[in-house]
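Colleague: Coordinates in upload.csv, CSV, C-alpha atoms and all ligand atoms, are listed below.
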```csv
chain,number,residue,atom,x,y,z
E,23,MET,CA,58.1,-100.8,230.9
E,24,ARG,CA,57.1,-97.2,230.1
E,25,ALA,CA,53.5,-96.1,230.1
E,26,ALA,CA,51.7,-92.8,229.8
E,27,ARG,CA,49.4,-92.9,232.8
E,28,PHE,CA,46.4,-90.6,233.4
E,29,TYR,CA,46.2,-89.2,236.9
E,30,THR,CA,43.5,-86.5,236.5
E,31,SER,CA,42.4,-83.8,234.1
E,32,GLY,CA,45.4,-82.2,232.4
E,33,ASP,CA,47.8,-84.7,234.1
E,34,ILE,CA,49.3,-87.5,232.1
E,35,ARG,CA,52.8,-88.8,233.2
E,36,VAL,CA,55.1,-91.0,231.3
E,37,GLU,CA,56.6,-93.3,233.9
E,38,THR,CA,58.3,-96.7,234.3
E,39,VAL,CA,55.8,-99.2,235.7
E,40,GLU,CA,55.8,-102.9,236.4
E,41,PRO,CA,54.2,-104.9,233.6
E,42,SER,CA,51.1,-106.8,234.6
E,43,PRO,CA,51.2,-110.6,234.8
E,44,VAL,CA,49.6,-112.6,232.0
E,45,ARG,CA,46.8,-114.8,233.3
E,46,ASP,CA,45.8,-118.1,231.7
E,47,THR,CA,43.3,-116.4,229.3
E,48,ASP,CA,45.3,-113.3,228.5
E,49,VAL,CA,47.9,-112.2,226.0
E,50,ARG,CA,50.6,-109.6,226.2
E,51,ILE,CA,51.0,-107.2,223.3
E,52,GLU,CA,54.0,-105.1,222.5
E,53,ILE,CA,52.2,-102.0,221.3
E,54,ALA,CA,53.3,-100.7,217.9
E,55,ALA,CA,50.7,-97.9,217.4
E,56,CYS,CA,47.8,-96.4,219.3
E,57,GLY,CA,45.6,-93.6,218.1
E,58,ILE,CA,44.4,-90.7,220.3
E,59,CYS,CA,40.6,-90.7,220.3
E,60,GLY,CA,38.1,-88.0,221.0
E,61,SER,CA,37.1,-89.9,224.1
E,62,ASP,CA,40.7,-89.8,225.3
E,63,LEU,CA,40.6,-86.0,224.8
E,64,ILE,CA,37.4,-85.7,226.9
E,65,GLU,CA,38.9,-87.8,229.7
E,66,TYR,CA,42.1,-85.6,229.6
E,67,GLN,CA,40.0,-82.4,229.7
E,68,GLN,CA,37.3,-83.2,232.2
E,69,GLY,CA,38.1,-86.7,233.6
E,70,PRO,CA,38.3,-88.8,235.5
E,71,GLU,CA,35.0,-89.9,234.0
E,72,HIS,CA,35.6,-93.4,232.5
E,73,THR,CA,38.8,-94.1,234.3
E,74,PRO,CA,37.9,-95.4,237.8
E,75,ILE,CA,38.6,-93.3,240.9
E,76,GLU,CA,37.7,-96.3,243.2
E,77,PRO,CA,38.8,-99.8,242.1
E,78,ASN,CA,36.6,-101.0,239.3
E,79,SER,CA,34.3,-103.9,240.5
E,80,ARG,CA,35.3,-106.1,237.6
E,81,THR,CA,39.0,-105.3,237.2
E,82,GLY,CA,40.1,-103.7,240.5
E,83,ALA,CA,41.9,-101.0,238.5
E,84,SER,CA,41.9,-97.4,239.5
E,85,ILE,CA,43.8,-94.2,238.5
E,86,PRO,CA,46.5,-93.7,237.6
E,87,VAL,CA,46.0,-95.9,234.5
E,88,PRO,CA,47.2,-95.7,230.9
E,89,LEU,CA,44.7,-94.4,228.4
E,90,GLY,CA,44.6,-95.7,224.7
E,91,HIS,CA,42.2,-98.1,223.1
E,92,GLU,CA,42.8,-97.8,219.4
E,93,CYS,CA,45.9,-100.0,219.4
E,94,SER,CA,47.8,-102.7,217.5
E,95,GLY,CA,51.0,-104.6,218.1
E,96,THR,CA,52.7,-108.0,218.3
E,97,ILE,CA,52.0,-110.8,220.7
E,98,THR,CA,54.9,-111.5,223.0
E,99,GLU,CA,53.3,-113.8,225.6
E,100,VAL,CA,50.2,-116.0,225.7
E,101,GLY,CA,48.4,-117.5,228.8
E,102,ALA,CA,48.3,-121.2,229.4
E,103,ASP,CA,44.7,-121.6,228.1
E,104,VAL,CA,45.1,-119.5,224.9
E,105,ASP,CA,45.3,-121.5,221.7
E,106,ARG,CA,43.8,-119.2,219.1
E,107,ILE,CA,46.6,-116.7,219.2
E,108,SER,CA,50.4,-117.3,219.2
E,109,VAL,CA,53.5,-115.4,220.1
E,110,GLY,CA,54.6,-113.3,217.1
E,111,ASP,CA,51.0,-112.8,215.8
E,112,ARG,CA,50.3,-109.2,214.7
E,113,VAL,CA,47.0,-108.1,216.1
E,114,THR,CA,44.6,-105.2,216.6
E,115,VAL,CA,42.6,-104.9,219.8
E,116,ASN,CA,38.8,-104.7,220.3
E,117,PRO,CA,38.9,-102.6,223.5
E,118,ASN,CA,35.4,-103.3,224.9
E,119,ILE,CA,35.1,-106.3,227.2
E,120,PRO,CA,31.5,-107.2,227.8
E,121,CYS,CA,30.5,-109.0,231.0
E,122,ARG,CA,28.9,-112.0,229.2
E,123,GLU,CA,26.4,-112.4,232.1
E,124,CYS,CA,23.8,-109.6,231.8
E,125,ARG,CA,20.5,-109.9,229.7
E,126,TYR,CA,22.1,-108.0,226.8
E,127,CYS,CA,25.2,-110.2,226.7
E,128,GLU,CA,22.9,-113.2,226.8
E,129,ASP,CA,21.2,-111.9,223.7
E,130,GLY,CA,24.5,-111.1,222.0
E,131,GLN,CA,24.0,-107.3,222.2
E,132,TYR,CA,27.4,-106.8,223.7
E,133,ASN,CA,27.8,-103.2,222.8
E,134,VAL,CA,25.0,-102.2,225.1
E,135,CYS,CA,26.2,-104.2,228.0
E,136,PRO,CA,26.0,-101.9,231.0
E,137,ASN,CA,28.9,-103.6,232.7
E,138,VAL,CA,31.4,-103.3,229.9
E,139,VAL,CA,35.0,-102.4,230.8
E,140,ALA,CA,37.4,-101.0,228.2
E,141,VAL,CA,41.1,-101.2,227.5
E,142,GLY,CA,42.5,-97.7,228.1
E,143,PHE,CA,39.8,-96.8,230.6
E,144,GLN,CA,38.5,-99.3,233.3
E,145,LEU,CA,40.8,-102.3,232.5
E,146,GLY,CA,43.9,-100.7,233.9
E,147,GLU,CA,45.8,-101.6,230.7
E,148,GLY,CA,46.1,-99.2,227.8
E,149,GLY,CA,47.7,-98.7,224.4
E,150,PHE,CA,49.7,-95.6,225.5
E,151,ALA,CA,52.3,-97.9,226.9
E,152,GLU,CA,55.1,-100.2,225.6
E,153,SER,CA,52.9,-103.2,226.3
E,154,ALA,CA,49.4,-104.2,227.4
E,155,VAL,CA,47.9,-107.3,228.8
E,156,VAL,CA,44.3,-108.0,227.5
E,157,PRO,CA,42.0,-111.1,227.4
E,158,ALA,CA,42.9,-113.2,224.3
E,159,THR,CA,39.2,-112.9,223.2
E,160,GLN,CA,39.8,-109.2,222.5
E,161,VAL,CA,42.4,-109.5,219.8
E,162,HIS,CA,42.0,-109.9,216.0
E,163,ARG,CA,44.9,-111.2,213.9
E,164,LEU,CA,46.1,-108.8,211.1
E,165,PRO,CA,46.8,-110.3,207.6
E,166,ASP,CA,50.2,-109.8,206.1
E,167,GLY,CA,49.0,-106.9,203.8
E,168,VAL,CA,47.8,-104.8,206.7
E,169,SER,CA,50.5,-102.8,208.6
E,170,LEU,CA,50.5,-102.4,212.3
E,171,GLU,CA,49.9,-98.7,211.9
E,172,ALA,CA,46.8,-99.4,209.8
E,173,GLY,CA,45.8,-102.0,212.4
E,174,ALA,CA,45.4,-99.1,214.9
E,175,LEU,CA,42.7,-97.7,212.7
E,176,VAL,CA,40.4,-100.7,212.8
E,177,GLU,CA,38.6,-99.5,215.9
E,178,PRO,CA,37.6,-96.1,214.7
E,179,PHE,CA,36.6,-97.4,211.3
E,180,ALA,CA,34.5,-100.1,212.9
E,181,VAL,CA,32.5,-97.2,214.6
E,182,GLY,CA,31.7,-95.7,211.2
E,183,LEU,CA,30.8,-99.1,209.7
E,184,HIS,CA,28.5,-99.8,212.7
E,185,ALA,CA,26.8,-96.4,212.3
E,186,VAL,CA,26.1,-97.1,208.6
E,187,ARG,CA,24.6,-100.5,209.5
E,188,ARG,CA,22.5,-99.0,212.3
E,189,SER,CA,21.2,-96.3,209.8
E,190,GLY,CA,19.7,-99.0,207.5
E,191,LEU,CA,21.4,-97.3,204.5
E,192,GLN,CA,20.6,-99.0,201.2
E,193,ALA,CA,22.7,-98.8,198.1
E,194,GLY,CA,21.6,-95.9,196.0
E,195,ASP,CA,20.6,-93.7,199.0
E,196,THR,CA,21.6,-90.1,199.5
E,197,VAL,CA,23.6,-89.3,202.6
E,198,ALA,CA,24.5,-86.3,204.7
E,199,VAL,CA,27.2,-86.4,207.3
E,200,PHE,CA,27.5,-83.5,209.9
E,201,GLY,CA,30.9,-83.3,211.4
E,202,CYS,CA,34.0,-84.8,209.7
E,203,GLY,CA,36.2,-85.3,212.7
E,204,PRO,CA,37.9,-88.7,213.1
E,205,ILE,CA,34.6,-90.6,213.4
E,206,GLY,CA,32.5,-88.6,210.9
E,207,LEU,CA,35.2,-89.4,208.3
E,208,THR,CA,34.8,-93.1,209.0
E,209,ALA,CA,31.1,-92.9,208.4
E,210,VAL,CA,31.7,-91.1,205.1
E,211,GLN,CA,34.0,-93.9,204.0
E,212,ALA,CA,31.6,-96.6,205.2
E,213,ALA,CA,28.6,-94.9,203.5
E,214,ALA,CA,30.5,-94.5,200.2
E,215,THR,CA,31.6,-98.1,200.3
E,216,ALA,CA,28.1,-99.3,201.1
E,217,GLY,CA,26.9,-97.8,197.8
E,218,ALA,CA,25.5,-94.4,198.7
E,219,LYS,CA,24.6,-92.5,195.5
E,220,GLN,CA,25.6,-89.2,196.9
E,221,VAL,CA,27.5,-88.3,200.1
E,222,LEU,CA,27.3,-84.6,201.2
E,223,VAL,CA,29.2,-83.4,204.3
E,224,SER,CA,28.8,-80.3,206.4
E,225,GLU,CA,32.1,-79.4,208.2
E,226,PRO,CA,33.6,-76.0,209.0
E,227,ASN,CA,37.3,-77.0,209.0
E,228,ASP,CA,38.9,-76.7,205.5
E,229,THR,CA,41.3,-79.5,206.0
E,230,ARG,CA,38.7,-81.9,207.2
E,231,ARG,CA,36.4,-81.0,204.2
E,232,ASN,CA,39.3,-81.9,201.9
E,233,THR,CA,40.0,-85.1,203.7
E,234,ALA,CA,36.3,-86.0,203.4
E,235,ARG,CA,36.7,-86.0,199.6
E,236,ASN,CA,39.5,-88.6,200.0
E,237,PHE,CA,37.0,-90.8,201.9
E,238,GLY,CA,34.2,-90.6,199.3
E,239,ALA,CA,32.3,-87.3,199.9
E,240,ASP,CA,30.8,-86.0,196.7
E,241,SER,CA,30.3,-82.5,197.9
E,242,CYS,CA,31.4,-80.6,201.0
E,243,ILE,CA,29.6,-77.7,202.6
E,244,ASP,CA,31.1,-75.1,204.9
E,245,PRO,CA,28.2,-74.3,207.2
E,246,THR,CA,29.8,-71.0,208.2
E,247,GLU,CA,29.5,-69.9,204.6
E,248,GLU,CA,26.2,-71.3,203.5
E,249,ASP,CA,23.0,-72.8,205.0
E,250,ALA,CA,23.8,-76.5,205.1
E,251,VAL,CA,20.1,-77.6,205.3
E,252,GLU,CA,19.1,-75.5,202.3
E,253,ALA,CA,22.1,-76.7,200.3
E,254,ILE,CA,21.5,-80.3,201.1
E,255,ARG,CA,17.7,-80.1,200.4
E,256,ASP,CA,18.4,-78.3,197.1
E,257,ALA,CA,20.9,-81.0,196.0
E,258,THR,CA,18.7,-84.0,196.9
E,259,ASP,CA,15.1,-83.3,195.9
E,260,GLY,CA,14.0,-82.1,199.4
E,261,GLY,CA,16.3,-84.1,201.7
E,262,VAL,CA,18.7,-87.0,202.0
E,263,ASP,CA,17.5,-90.5,202.8
E,264,VAL,CA,20.0,-90.8,205.7
E,265,ALA,CA,21.8,-88.2,207.8
E,266,PHE,CA,24.5,-88.8,210.3
E,267,GLU,CA,25.3,-86.5,213.3
E,268,PHE,CA,28.8,-86.6,214.6
E,269,ALA,CA,29.2,-83.1,216.0
E,270,GLY,CA,27.1,-83.3,219.2
E,271,VAL,CA,25.7,-79.8,219.4
E,272,GLU,CA,22.2,-78.5,219.0
E,273,PRO,CA,22.5,-76.7,215.6
E,274,THR,CA,24.0,-79.7,213.9
E,275,PHE,CA,21.4,-82.1,215.4
E,276,ASN,CA,18.6,-79.9,214.2
E,277,ALA,CA,20.2,-79.5,210.8
E,278,ALA,CA,20.6,-83.2,210.5
E,279,VAL,CA,16.9,-83.7,211.2
E,280,ASN,CA,15.8,-81.0,208.8
E,281,CYS,CA,18.0,-82.0,205.9
E,282,THR,CA,16.6,-85.5,206.0
E,283,ARG,CA,13.6,-86.3,203.7
E,284,ARG,CA,10.2,-87.1,205.2
E,285,GLY,CA,10.4,-90.7,206.3
E,286,GLY,CA,14.2,-90.7,206.4
E,287,THR,CA,16.6,-91.7,209.2
E,288,VAL,CA,18.9,-89.6,211.4
E,289,THR,CA,21.6,-91.6,213.0
E,290,VAL,CA,23.3,-89.9,216.0
E,291,GLY,CA,26.8,-91.1,217.0
E,292,SER,CA,28.2,-88.0,218.7
E,293,MET,CA,28.8,-87.8,222.4
E,294,SER,CA,27.0,-84.5,223.3
E,295,ARG,CA,28.3,-82.3,226.1
E,296,GLY,CA,25.0,-80.8,227.0
E,297,GLU,CA,21.3,-81.0,226.3
E,298,VAL,CA,19.9,-80.5,222.8
E,299,SER,CA,16.5,-79.0,222.3
E,300,THR,CA,14.6,-79.8,219.2
E,301,ASP,CA,11.1,-79.3,217.7
E,302,LEU,CA,9.5,-82.8,218.0
E,303,ASN,CA,7.1,-82.0,215.2
E,304,ASP,CA,10.1,-82.2,212.8
E,305,ILE,CA,10.4,-85.9,213.8
E,306,VAL,CA,6.7,-86.7,214.4
E,307,THR,CA,4.8,-85.2,211.5
E,308,ALA,CA,7.5,-86.1,208.9
E,309,GLU,CA,7.8,-89.7,210.4
E,310,ARG,CA,11.6,-89.4,210.6
E,311,THR,CA,13.4,-92.1,212.5
E,312,VAL,CA,16.2,-91.1,215.0
E,313,VAL,CA,18.6,-93.9,215.8
E,314,GLY,CA,21.5,-94.0,218.2
E,315,THR,CA,24.8,-95.7,217.3
E,316,TYR,CA,27.5,-96.7,219.7
E,317,CYS,CA,30.8,-98.5,219.1
E,318,TYR,CA,30.4,-101.7,217.1
E,319,GLY,CA,29.4,-105.3,217.3
E,320,PHE,CA,31.5,-106.9,220.0
E,321,PRO,CA,32.0,-110.6,220.0
E,322,PRO,CA,35.6,-110.6,218.7
E,323,GLN,CA,36.0,-114.3,218.3
E,324,ALA,CA,33.1,-114.5,215.8
E,325,SER,CA,34.2,-114.5,212.3
E,326,ARG,CA,31.8,-112.0,210.8
E,327,THR,CA,32.2,-109.0,213.1
E,328,GLU,CA,32.6,-105.4,212.0
E,329,PHE,CA,36.2,-105.5,213.1
E,330,ASP,CA,36.9,-108.2,210.6
E,331,ALA,CA,35.0,-106.3,207.9
E,332,VAL,CA,37.3,-103.3,208.4
E,333,ILE,CA,40.4,-105.4,208.4
E,334,GLY,CA,39.2,-106.7,205.0
E,335,SER,CA,38.7,-103.1,203.8
E,336,LEU,CA,42.3,-102.3,204.9
E,337,GLU,CA,43.6,-105.4,203.2
E,338,ALA,CA,41.8,-104.4,200.0
E,339,GLU,CA,43.3,-100.9,200.3
E,340,GLU,CA,39.8,-99.3,200.4
E,341,ILE,CA,40.8,-97.0,203.2
E,342,ASP,CA,43.3,-94.1,202.7
E,343,VAL,CA,45.5,-94.7,205.8
E,344,ASN,CA,47.9,-91.8,205.0
E,345,ALA,CA,45.1,-89.3,204.6
E,346,TYR,CA,43.7,-90.3,208.0
E,347,ILE,CA,46.9,-90.4,210.1
E,348,THR,CA,48.1,-86.8,210.2
E,349,GLY,CA,50.7,-87.2,213.0
E,350,ARG,CA,53.0,-89.9,214.4
E,351,ILE,CA,54.7,-89.3,217.8
E,352,GLY,CA,56.6,-91.2,220.5
E,353,LEU,CA,55.3,-91.8,224.0
E,354,ASP,CA,57.3,-88.9,225.5
E,355,GLU,CA,55.6,-86.4,223.2
E,356,ILE,CA,52.1,-87.6,224.0
E,357,THR,CA,50.9,-84.5,225.9
E,358,ALA,CA,52.6,-81.7,224.1
E,359,SER,CA,52.5,-83.1,220.5
E,360,GLY,CA,49.4,-85.3,221.0
E,361,PHE,CA,46.6,-84.3,223.3
E,362,GLU,CA,47.4,-80.5,223.4
E,363,ARG,CA,47.8,-80.3,219.6
E,364,LEU,CA,44.4,-82.1,219.0
E,365,LEU,CA,42.7,-79.7,221.5
E,366,GLU,CA,43.7,-76.6,219.6
E,367,PRO,CA,40.5,-75.2,218.2
E,368,GLU,CA,41.8,-74.8,214.7
E,369,THR,CA,43.7,-78.1,214.5
E,370,ASP,CA,44.2,-79.6,211.1
E,371,HIS,CA,44.9,-83.0,212.6
E,372,VAL,CA,42.6,-86.0,212.0
E,373,LYS,CA,44.4,-88.8,213.9
E,374,ILE,CA,47.6,-88.6,215.8
E,375,VAL,CA,49.1,-92.1,216.4
E,376,VAL,CA,51.4,-92.7,219.3
E,377,GLU,CA,54.2,-95.3,218.6
E,378,PRO,CA,55.5,-96.4,222.0
E,379,THR,CA,58.1,-98.9,220.9
E,401,ZN,ZN,37.9,-94.3,220.4
E,402,ZN,ZN,26.9,-107.8,229.8
```
Just give me the structure as structure tokens.
Ligand SMILES: [Zn+2]
Ligand SMILES: [Zn+2]

Modeller:
Amino acid sequence: MRAARFYTSGDIRVETVEPSPVRDTDVRIEIAACGICGSDLIEYQQGPEHTPIEPNSRTGASIPVPLGHECSGTITEVGADVDRISVGDRVTVNPNIPCRECRYCEDGQYNVCPNVVAVGFQLGEGGFAESAVVPATQVHRLPDGVSLEAGALVEPFAVGLHAVRRSGLQAGDTVAVFGCGPIGLTAVQAAATAGAKQVLVSEPNDTRRNTARNFGADSCIDPTEEDAVEAIRDATDGGVDVAFEFAGVEPTFNAAVNCTRRGGTVTVGSMSRGEVSTDLNDIVTAERTVVGTYCYGFPPQASRTEFDAVIGSLEAEEIDVNAYITGRIGLDEITASGFERLLEPETDHVKIVVEPT
């Protein structure tokens, strides 16, 4: 089969490789669609960071490995012990595989498991390939009304849903979202769906501001044109109840803190690329709460996970799939038309989806 394998920064090669065997508890998926994520871009720019240089202690995998963790497809083979999934099922993949042995896994806090391995990073299998072999526990069946392409969006929208749950947002609250890249947009959608009274966004890119409106933003601020903190405070009687930070740089973190009302919550979901300095008095004396949010609830075989909630939203057509997917490319174009396009500073893209088969 053909796979786009990551060797090192700036070096992804589309090659023919031997498909992995399906063990008793695995399934093989013919990949229909796989989104390129911000974490893939970071790996491409400055990796190997998450892809293992030495064989991973749980999986034995090491570079070169295919990236790609936002994927969907059709089951073509199931292991001898798999009975919950059948050949022909259309599925999306929860990429994060917890160890199920550490103190956090024992408590069901799978998304903070320190030993987690992910499809598209440490597993040695990824969605930028014609097929991938993953544990059967990691796949969710898609209902008839959800296309395979939409199925590739479940993972990023689960991140936004989890962020909103972590924030403690209540129906009727006011919300600000800093940064409307692919994940910030999912938080806008989840906040609007959760009943936010007013969703304000701060985002310098014109196209992304417009897309944010499609996902439920009531007003969009260009922080290069006006002071976002002032504009948000003016519009919300001194500050929002909940702010989300998805830009990962010092000015946006501090703006998120300062546009939140006294006693409000700042939820941080960005991966920062450096240290951020802040005035602790803005957190302490105003009794603001700062919360981290990472990925989503993990146990994929449970019936009430965030993945299933997003699949339900897609089935109910609450998510504008066509506004979110801004590019569709084949495996051979992954570097020039995928990674390199998304890294252009002025890119208008939100999500480019690779369709390997
Ligand atoms: Zn991702
Ligand atoms: Zn664990």

Colleague: Name all residues at most 8 Å from segment 325-342 of chain E (count all atoms listed in the file; drop same-chain ones fewer than 6 positions away) and give them as a ChimeraX atom specification.

Modeller: /E:116,162,164-165,167-168,172-173,176-177,179-180,183-184,211,236-237,318-319

Colleague: Give the answer as one residue: which of E:Pro77, E:Gly110, E:Pro41, E:Pro120 has the shortest atom-to-atom distance to ligand ZN 402 (chain E), using all atoms listed in the file?

Modeller: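 Checking each candidate against ligand ZN 402 (chain E), we get E:Pro120 as the closest.
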
Colleague: Which residues of chain E come within 8 Å of ligand ZN 402 (chain E), and for each one, what is the closest pair of atoms and their distance in Å to one decimal, counting all atoms listed in the file, sorted by chain and residue number, as JSON lines?

Modeller:
```
{"residue": "E:Pro120", "atom": "CA", "partner": "E:ZN402", "partner_atom": "ZN", "distance": 5.1}
{"residue": "E:Cys121", "atom": "CA", "partner": "E:ZN402", "partner_atom": "ZN", "distance": 4.0}
{"residue": "E:Arg122", "atom": "CA", "partner": "E:ZN402", "partner_atom": "ZN", "distance": 4.7}
{"residue": "E:Glu123", "atom": "CA", "partner": "E:ZN402", "partner_atom": "ZN", "distance": 5.2}
{"residue": "E:Cys124", "atom": "CA", "partner": "E:ZN402", "partner_atom": "ZN", "distance": 4.1}
{"residue": "E:Arg125", "atom": "CA", "partner": "E:ZN402", "partner_atom": "ZN", "distance": 6.7}
{"residue": "E:Tyr126", "atom": "CA", "partner": "E:ZN402", "partner_atom": "ZN", "distance": 5.7}
{"residue": "E:Cys127", "atom": "CA", "partner": "E:ZN402", "partner_atom": "ZN", "distance": 4.3}
{"residue": "E:Glu128", "atom": "CA", "partner": "E:ZN402", "partner_atom": "ZN", "distance": 7.4}
{"residue": "E:Tyr132", "atom": "CA", "partner": "E:ZN402", "partner_atom": "ZN", "distance": 6.2}
{"residue": "E:Val134", "atom": "CA", "partner": "E:ZN402", "partner_atom": "ZN", "distance": 7.6}
{"residue": "E:Cys135", "atom": "CA", "partner": "E:ZN402", "partner_atom": "ZN", "distance": 4.1}
{"residue": "E:Pro136", "atom": "CA", "partner": "E:ZN402", "partner_atom": "ZN", "distance": 6.1}
{"residue": "E:Asn137", "atom": "CA", "partner": "E:ZN402", "partner_atom": "ZN", "distance": 5.5}
{"residue": "E:Val138", "atom": "CA", "partner": "E:ZN402", "partner_atom": "ZN", "distance": 6.4}
```

Colleague: Any idea what the distance is between atom CA of Thr289 of chain E and atom CA of Val181 of chain E?

Modeller: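 Interatomic distance, atom CA of Thr289 of chain E to atom CA of Val181 of chain E: 12.4 Å.
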
Colleague: Given a cut-off of 12 Å, what residues near ligand ZN 401 (chain E) show up using all atoms listed in the file, put as a compact mmCIF listing (two decimals) with C-alpha atoms, keeping the file's coordinate frame?

Modeller:
```
# COMPACT_ATOMS: atom_id res chain seq x y z
CA CYS E 56 47.80 -96.40 219.30
CA GLY E 57 45.60 -93.60 218.10
CA ILE E 58 44.40 -90.70 220.30
CA CYS E 59 40.60 -90.70 220.30
CA GLY E 60 38.10 -88.00 221.00
CA SER E 61 37.10 -89.90 224.10
CA ASP E 62 40.70 -89.80 225.30
CA LEU E 63 40.60 -86.00 224.80
CA ILE E 64 37.40 -85.70 226.90
CA GLU E 65 38.90 -87.80 229.70
CA LEU E 89 44.70 -94.40 228.40
CA GLY E 90 44.60 -95.70 224.70
CA HIS E 91 42.20 -98.10 223.10
CA GLU E 92 42.80 -97.80 219.40
CA CYS E 93 45.90 -100.00 219.40
CA VAL E 115 42.60 -104.90 219.80
CA ASN E 116 38.80 -104.70 220.30
CA PRO E 117 38.90 -102.60 223.50
CA ASN E 118 35.40 -103.30 224.90
CA ALA E 140 37.40 -101.00 228.20
CA VAL E 141 41.10 -101.20 227.50
CA GLY E 142 42.50 -97.70 228.10
CA PHE E 143 39.80 -96.80 230.60
CA GLY E 149 47.70 -98.70 224.40
CA ALA E 174 45.40 -99.10 214.90
CA LEU E 175 42.70 -97.70 212.70
CA VAL E 176 40.40 -100.70 212.80
CA GLU E 177 38.60 -99.50 215.90
CA PRO E 178 37.60 -96.10 214.70
CA PHE E 179 36.60 -97.40 211.30
CA ALA E 180 34.50 -100.10 212.90
CA VAL E 181 32.50 -97.20 214.60
CA GLY E 182 31.70 -95.70 211.20
CA GLY E 203 36.20 -85.30 212.70
CA PRO E 204 37.90 -88.70 213.10
CA ILE E 205 34.60 -90.60 213.40
CA THR E 208 34.80 -93.10 209.00
CA SER E 292 28.20 -88.00 218.70
CA MET E 293 28.80 -87.80 222.40
CA TYR E 316 27.50 -96.70 219.70
CA CYS E 317 30.80 -98.50 219.10
CA TYR E 318 30.40 -101.70 217.10
CA LYS E 373 44.40 -88.80 213.90
```

Colleague: At what distance in Å, to one decimal, does atom CA of Val306 of chain E lie from atom CA of Thr274 of chain E?

Modeller: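 Atom-to-atom, atom CA of Thr274 of chain E and atom CA of Val306 of chain E are spaced 18.7 Å apart.
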
Colleague: Give me, as a list in words, all polymer residues having an atom no more than 6 Å from Glu152 of chain E, counting all atoms listed in the file and skipping those fewer than 6 positions away in the same chain.

Modeller: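 Once the adjacent positions are removed, what remains is Arg24, Glu52, Ile53, Pro378 and Thr379 of chain E.
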
Colleague: May I have the centre and edge lengths, in Å to one decimal, of an axis-aligned box around the listed atoms of segment 333-343 of chain E with 3 Å added to every side, as JSON?

Modeller:
```
{"center_x": 42.1, "center_y": -100.4, "center_z": 204.2, "size_x": 12.8, "size_y": 18.6, "size_z": 14.4}
```
